[in-house]
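Novice: Below is a structure I'd like to ask you about.
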Amino acid sequence: MTTSMPEGRLLRYVDALREAVAQEMRRDGDVFVFGLDVDDHKSIQGSTAGLLEEFGPERVFTTPLSEDAMTGVAIGAAMAGMRPIHVHIRMDFLLLCMNQLVNIGAKARAMYGGSVKVPLVVRSMVGKSWGQGAQHSQGLHSMFMHVPGLKVVAPSNAHDVKGCMIAAIRDDNPVIFMEHRLLYPTEAYVPETPYEVLPGKARVVAPGDDVTLVGISNMVLECLRARELLAEIGIGAEVIDPIWLTPLDIDTIVESARRTRRLVVADNGWTACGAGAEIVAAVLERVGPEGGIAVKRIGFAATACPPSPVLEAAFYPNPGTVASTVHALVRPTAPAWTPDPERTKLAHQVQFRGPF
Amino acid sequence: MTTSMPEGRLLRYVDALREAVAQEMRRDGDVFVFGLDVDDHKSIQGSTAGLLEEFGPERVFTTPLSEDAMTGVAIGAAMAGMRPIHVHIRMDFLLLCMNQLVNIGAKARAMYGGSVKVPLVVRSMVGKSWGQGAQHSQGLHSMFMHVPGLKVVAPSNAHDVKGCMIAAIRDDNPVIFMEHRLLYPTEAYVPETPYEVLPGKARVVAPGDDVTLVGISNMVLECLRARELLAEIGIGAEVIDPIWLTPLDIDTIVESARRTRRLVVADNGWTACGAGAEIVAAVLERVGPEGGIAVKRIGFAATACPPSPVLEAAFYPNPGTVASTVHALVRPTAPAWTPDPERTKLAHQVQFRGPF
Amino acid sequence: MSIVQDAQDPAVAQDLAVIERLYRALRLTRLVEDEVARVYPTDVIKSPVHLSIGQEFISVGVCDALEPRDHVSITYRGHAAYIAKGGDLNAMIAEMYGKKAGCGQGRGGSMHLVDMKAGVIGASAVVGTSIPVATGFALAAKRKTTGGVVACFIGDGATEEGCFAESLNFAALHKLPILFVCENNGYAIHEPLAKRWATERLCERVATYGIPTTKITDGDVFAVRDAARSAVAAMRAGHGPVFLEVTCYRWREHVGPNEDFNQGYRPASEMTPWAERDEVARLAGLLPSERVAALETEITATVAAAFAFAETSPFPVSEDLYDHVYA
Amino acid sequence: MSIVQDAQDPAVAQDLAVIERLYRALRLTRLVEDEVARVYPTDVIKSPVHLSIGQEFISVGVCDALEPRDHVSITYRGHAAYIAKGGDLNAMIAEMYGKKAGCGQGRGGSMHLVDMKAGVIGASAVVGTSIPVATGFALAAKRKTTGGVVACFIGDGATEEGCFAESLNFAALHKLPILFVCENNGYAIHEPLAKRWATERLCERVATYGIPTTKITDGDVFAVRDAARSAVAAMRAGHGPVFLEVTCYRWREHVGPNEDFNQGYRPASEMTPWAERDEVARLAGLLPSERVAALETEITATVAAAFAFAETSPFPVSEDLYDHVYA
Ligand SMILES: Cc1ncc(C[n+]2csc(CCOP(=O)(O)OP(=O)(O)O)c2C)c(N)n1
Ligand SMILES: Cc1ncc(C[n+]2csc(CCOP(=O)(O)OP(=O)(O)O)c2C)c(N)n1
Ligand SMILES: [Mg+2]
Ligand SMILES: [Mg+2]
């Protein structure tokens with residue numbers, strides 16, 4: 001964090017998320033929350049808890065299993081002056097919403113000559129571990145980054161999730177809000193008063209001189225752990241959290257990569273045409289060959305996410321694979337190095353146990 | 001073309017496409033063609049003409065306007081041993097099919113432990129010009145390139161469209177087959193006997209030493225025209241057609257870019273997380289900073305495609321913008337250069353007139 | 001209809017006003033589209049056009065029941081509803097000409113007409129897509145208690161898209177003020193119902209959501225208006241959605257300005273009964289002929305002015321390309 | 001039922017065989033899921049599980065009407081149908097344990113069971129997604145004239161997805177041999193029908209596609225079987241799709257092994273009538289007690305063997321990661 005003095009209370013990601021929504025709903029009567037199961041007792045892992053009680057069933061309601069139409073309903077309501085937050089417990093289900101999001105939500109403002117706006121937030125969670133399997137685990141952010149007119153954000157900690165949610169709700173454009181299941185219990189200092197973490201500014205989470213390590217969503221945490229392991233062998237990694245993926249603050253990444261001359265992007269999705277491809281290509285277009293920057297992408301294995309534990313472990317990048325990738329890039333002639341697997345586990349993942 | 005001796009007859013793209021399907025349908029009774037309007041008198045711009053008459057309504061049939069379910073039907077029929085070709089007159093409509101294509105089609109084989117295969121071809125056409133507008137113009141190939149389990153192909157000429165279609169039909173995986181409306185009338189020598197243009201081999205369409213110019217789909221033609229214009233000012237561009245985007249033959253591009261030290265990808269879609277991002281990132285991961293390769297992506301403007309002619313012209317890359325981009329990369333210190341706009345028009349585009 | 005027999009009766013006078021209003025809208029739409037068809041071969045409109053000619057009575061009948069606070073959701077075949085709801089005609093034609101003064105600043109085209117001031121929700125060229133969006137407007141109308149309603153026009157083909165069923169269920173569940181109007185012209189492009197619908201029991205199906213339905217098969221603009229008026233009254237009273245299926249016929253080709261009976265997919269005889277009871281001509285016959293003549297002068301001038309406006313107004317410039325990508 | 005009163009009567013003997021067959025399938029499913037629930041807290045199954053306990057009679061009744069050449073399409077709550085159609089039990093449990101010998105080689109998990117040899121189409125965890133896929137199998141069966149039919153199991157929630165309506169229309173239009181079986185347990189996760197369905201007139205709605213429908217509300221496995229048998233006969237005769245809605249109740253939590261009446265979203269009293277007429281217990285009572293005991297021994301051994309197989313069989317190795325991405 002660049003925030004030098006921790007402000008606010010130590011809050012879990014899930015609670016910061018809920019607080020942001022509640023505060024905005026208090027402020028603006030046009031904000032409403034809907035989507036499958038937002039009003040049940042599990043309340044989307046607690047992230048919508050208390051909203052129904054405070055704001056009533058007109059502003060907090062479940063829907064039929066009709067993701068396609070419900071997305072259109074959200075878009076229409078947004079054009080008509082409301083500010084919907086449409087919630088999906090898995091990002092995989094957004095594949096049912098692509099027509100509405102891409103053909104209408106993203107294009108409406110341009111296609112209708114600026115006569116409408118679509119202030120819509122689409123919350124969606126990336127699932128991971130406990131055998132979520134092929135259809136409950138996808139990080140599909142790059143598909144949305146591809147489409148002009150959408151904004152995309154993937155906050156990695158409790159502080160940012162609150163500020164990004166408030167910024168997203170106040171934004172007059174459709175925002176794809178990507179959360180990560182494993183981040184929900186993680187804690188950070190979160191100010192109580194509303195604040196915005198605005199689009200367009202990446203955060204240098206930790207400094208370093210040997211490599212620029214861009215982490216997306218929960219991969220920020222994994223990169224931070226990799227950084228610790230790398231430090232032990234004398235490699236200094238600068239970890240950057242882009243926070244907002246569209247618009248992307250490429251300048252901050254360029255500035256760092258120019259200095260470290262090495263760029264590794266660790267993503268929470270597949271790499272082909274992924275966020276890492278975009279970041280690598282955008283940086284190198286800017287810097288040119290004179291920059292002499294070595295690049296590498298890390299992400300999901302190019303297959304469907306398998307639930308069997310051994311395969312699942314191999315499917316995901318982790319602090320160990322990030323660290324060894326960085327090592328290979330920084331010391332190409334040295335023998336391959338991999339940190340002790342026991343030491344690559346993240347505290348919040350060790351805690352976590354299904355089912356959910 | 002690397003094909004030194006032109007074989008076969010001069011055939012239009014649309015006729016080569018139709019011939020491929022007809023030949024495969026004759027060979028294999030499990031191949032069938034369905035999708036909105038495949039059996040009407042316009043026959044998808046002629047690309048399905050004659051199929052109904054030859055193969056009957058059980059193998060060539062229209063559907064209700066139900067793209068989501070029809071995609072599932074195609075996938076189910078494929079798993080059950082048939083070889084469907086599902087046709088969409090616009091690629092934009094594939095956004096209605098994303099859940100089936102990505103959550104089932106792409107994953108079925110892996111998710112079901114290899115016990116099924118999904119030999120499916122999804123034909124879709126990219127629309128361009130005559131005010132197609134925001135929803136009839138999208139090249140969405142990068143979304144499919146992102147997803148393991150899918151293959152993606154974008155043939156740029158009559159010869160390849162036949163060979164790729166035959167290869168796609170015979171392939172045991174789901175293939176997203178991207179066509180381009182403006183390519184339909186273009187002609188090439190096409191052998192009469194069936195042949196496959198297989199995945200995994202890009203084609204060096206024209207040699208050059210100063211820059212590697214990768215064109216996707218119809219952008220191959222635009223790159224070839226740009227190459228002619230560049231030749232006039234002494235810049236030699238090597239034009240590469242990847243043909244298959246997944247699996248992508250990155251080796252051929254790497255080999256060329258290593259030599260020219262400049263890589264420009266001209267795409268038929270948006271650039272963010274696009275095919276160009278993938279190609280640039282993959283090449284630079286391979287080559288490393290020692291290669292000293294300068295890179296640049298060109299594609300759709302980052303907005304919804306506008307129908308007004310002036311805006312539409314500015315929206316699309318063309319031989320002029322490709323040429324001036326290459327020029328800027330090759331001669332960074334020279335003043336900007338743009339070829340005479342009149343000379344950047346392509347013959348097949350000059351001919352073309354709506355409505356369609 | 002007997003309502004014009006005695007012009008002395010005040011009730012009839014009111015009806016005459018209604019007839020005149022409907023006729024004016026019908027005639028205006030017809031003239032606009034005739035003019036579109038006339039200029040189309042000159043390429044001033046560089047965009048696909050889907051004409052409503054022959055189907056105007058539905059938009060006109062429905063929109064007559066609406067107020068300014070209400071919305072209509074139109075399709076790519078939306079010229080009639082756009083005009084009937086009071087959309088800006090100059091802006092419409094300018095949009096088709098690709099001009100900056102167009103309702104979409106030249107970024108929409110014929111298939112994406114919009115006029116938020118007049119309550120015309122922007123059209124989509126992806127069939128069915130507008131249905132849930134319109135439903136969202138109805139949700140907002142209810143939540144914001146504007147008292148407004150939404151009329152959502154769709155084709156028979158659009159009812160085959162899954163989002164139609166999803167939207168009906170949601171609208172009925174939440175008792176949203178939305179009138180779904182299915183213009184059943186029997187074709188989606190060149191494909192007849194028989195190749196797309198398992199049965200024609202559409203109204204019956206919609207009724208199972210608890211939605212009142214009416215099917216109008218005689219092409220009568222007054223019947224459409226009456227049905228829309230009672231629907232609107234019920235919706236304003238909070239009774240939830242209503243469904244209207246109106247049989248009609250597309251006189252021209254699916255896209256483009258011409259007739260297409262020479263194409264073989266449908267016989268000209270299908271059109272005959274519809275041409276015979278053309279509501280534009282019929283309503284002209286219900287009005288005093290001087291009135292019709294006066295209206296003709298006025299409407300012709302309006303249409304000519306709109307095309308002149310479009311013709312003379314400037315194109316966007318390439319610097320406008322990135323306008324409105326984000327708000 | 002009177003059919004077991006006289007064991008000398010040959011007709012009854014046949015019926016007894018049916019009862020035994022049904023009971024065996026019911027009991028096997030129940031025991032498998034009880035065992036899943038028992039081992040679950042030990043974390044040998046590292047994957048979400050959706051138990052069918054209480055709903056098995058539907059799968060068992062329907063699958064009894066099927067032949068090997070037929071297919072079933074199952075959901076993530078698909079253990080019962082997988083077993084009833086004859087899916088390999090060892091491979092099923094091994095899959096839940098994440099083992100290489102699993103029906104999906106450890107790449108599917110509990111939510112993606114598959115057994116193509118037994119005619120079990122792979123399950124999807126995206127609700128509704130399997131409906132059109134099953135319809136595609138029915139299309140293939142018809143085109144390849146296998147004489148086979150498809151039984152497509154779905155929940156009440158799945159009927160809200162647009163692809164359900166799209167698939168019904170297509171199946172009816174093409175007269176495909178597919179039996180849609182809606183297991184209406186009144187909930188989607190914790191959300192009751194009242195918050196999702198505008199009305200409960202589902203069968204009526206489906207009937208408007210020209211699809212014959214039957215609704216079974218008494219939880220009777222024989223009624224389900226009878227309905228399935230006549231449906232299958234009609235489908236094999238080329239009469240097209242059939243729809244069956246069967247009311248039922250989920251005894252356990254939506255996902256996971258436990259009861260959840262302490263969660264407040266539904267009262268335990270809702271389950272009482274269903275527990276009282278539990279078909280597993282009822283059919284046991286229709287069979288001679290020695291037979292029940294013998295079956296219990298046999299089934300217990302089968303289940304134990306399957307879990308032992310799963311337990312002892314090896315995990316995939318990380319080198320397997322990229323298997324089967326492409327054929
Ligand atoms: C989702 C989608 N599928 C297919 C098309 C191609 N298409 C354009 S108009 C049309 C026919 C629609 O028929 P209908 O809804 O009856 O409206 P009509 O044109 O008869 O007014 C089709 C299939 C499309 N635009 N969008
Ligand atoms: C498309 C989609 N939306 C939401 C979910 C989350 N979800 C999983 S199961 C379920 C309930 C489905 O209910 P129903 O079809 O009645 O089946 P049941 O679980 O009662 O057997 C939901 C909403 C999902 N998996 N897929
Ligand atoms: Mg129609
Ligand atoms: Mg249910």
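In the structure tokens, chains take letters A, B, ... by order of appearance, with residues numbered from 1 within each chain and ligands from 1 in the order shown.
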Taking only C-alpha atoms into account and nothing else, which residues of chain D lie no more than 12 Å away from chain C? Please answer as a ChimeraX atom specification.
Specialist: /D:128,132,157-176,193-211,240-241
Novice: Specify as a ChimeraX atom specification all residues of chain B found within 6 Å of chain C, counting only C-alpha atoms.
Specialist: /B:64-66,130-131,303,306-308,311,314,355
Novice: Select, as number ranges by chain, those residues of chain A with any atom no more than 6 Å from chain B (distances computed using only C-alpha atoms).
Specialist: A: 95-96, 98-99, 107, 143, 146, 148, 272-274, 277-278, 280-281, 285, 288-289, 292-296, 302-304
Novice: Extract the full set of alpha helix (DSSP H) residues from stretch 90-275 of chain B according to DSSP on the backbone, and format it as a PyMOL selection string.
Specialist: chain B and resi 98+108-111+141-145+158-170+219-232+250-260+275
Novice: Which one is closest to ligand 3: C:Arg143, C:Arg229, C:Arg236, C:His50? Count only C-alpha atoms and all ligand atoms.
Specialist: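 For ligand 3, the nearest of the given residues is C:His50.
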Novice: For A:Lys345, which of A:Leu248, A:Leu221, A:Ile233, A:Val283 is the closest residue, counting only C-alpha atoms?
Specialist: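 Ranked by minimum distance to A:Lys345, first place goes to A:Leu221.
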Novice: Mind checking which residues fall within 10 Å of D:Leu89, counting only C-alpha atoms, ignoring those fewer than 5 positions away in the same chain, and posting them as a PyMOL selection string?
Specialist: chain D and resi 28-29+32+79+82-83+94-95+102-103+115+302-303+305-307+309-310
Novice: Please, which residues of stretch 150-284 of chain D, numbered as in this document, come out strand (DSSP E) from DSSP, as JSON, numbers by chain?
Specialist: {"D": [150, 151, 152, 153, 154, 155, 178, 179, 180, 181, 182, 183, 184, 187, 188, 191, 192, 213, 214, 215, 216, 242, 243, 244, 245, 246, 247]}
Novice: I want to know what sits within 10 Å of B:Pro341, based on only C-alpha atoms, with residues of the same chain fewer than 5 positions away left out; could you give that as JSON, numbers by chain?
Specialist: {"B": [318, 319, 320, 321]}
Novice: For the residues selected in the previous step, produce a file with N, CA, C and O atoms as a PDB file, in the first residue's frame.
Specialist:
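Final output, saved to selection.pdb:
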```
ATOM      1  N   ASN B 318      -6.841   0.552 -42.744  1.00  0.00           N
ATOM      2  CA  ASN B 318      -6.866   0.317 -44.186  1.00  0.00           C
ATOM      3  C   ASN B 318      -5.420   0.315 -44.690  1.00  0.00           C
ATOM      4  O   ASN B 318      -4.497   0.557 -43.910  1.00  0.00           O
ATOM      5  N   PRO B 319      -5.227   0.041 -45.942  1.00  0.00           N
ATOM      6  CA  PRO B 319      -3.838  -0.025 -46.443  1.00  0.00           C
ATOM      7  C   PRO B 319      -3.058   1.254 -46.158  1.00  0.00           C
ATOM      8  O   PRO B 319      -1.843   1.193 -45.910  1.00  0.00           O
ATOM      9  N   GLY B 320      -3.761   2.381 -46.152  1.00  0.00           N
ATOM     10  CA  GLY B 320      -3.075   3.646 -45.873  1.00  0.00           C
ATOM     11  C   GLY B 320      -2.601   3.721 -44.432  1.00  0.00           C
ATOM     12  O   GLY B 320      -1.444   4.077 -44.155  1.00  0.00           O
ATOM     13  N   THR B 321      -3.484   3.391 -43.493  1.00  0.00           N
ATOM     14  CA  THR B 321      -3.069   3.465 -42.087  1.00  0.00           C
ATOM     15  C   THR B 321      -2.027   2.396 -41.781  1.00  0.00           C
ATOM     16  O   THR B 321      -1.097   2.632 -41.002  1.00  0.00           O
TER      17      THR B 321
END
```
Novice: Which residues are close to stretch 73-81 of chain B, i.e. within 6 Å by only C-alpha atoms, leaving aside same-chain residues fewer than 3 positions away? Reply as a list in words.
Specialist: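 Listed by chain and then number, they are Met70, Pro84, Val116, Lys117, Val118 and Pro119 of chain B; Pro132, Val133, Ala134, Thr135, Gly136, Phe137 and Ala140 of chain D.
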Novice: Considering only C-alpha atoms and all ligand atoms, can you say which of B:Met91, B:Val60, B:Val21, B:Ala226 comes closest to ligand 1?
Specialist: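 Once distances to ligand 1 are computed over only C-alpha atoms and all ligand atoms, the minimum belongs to B:Met91.
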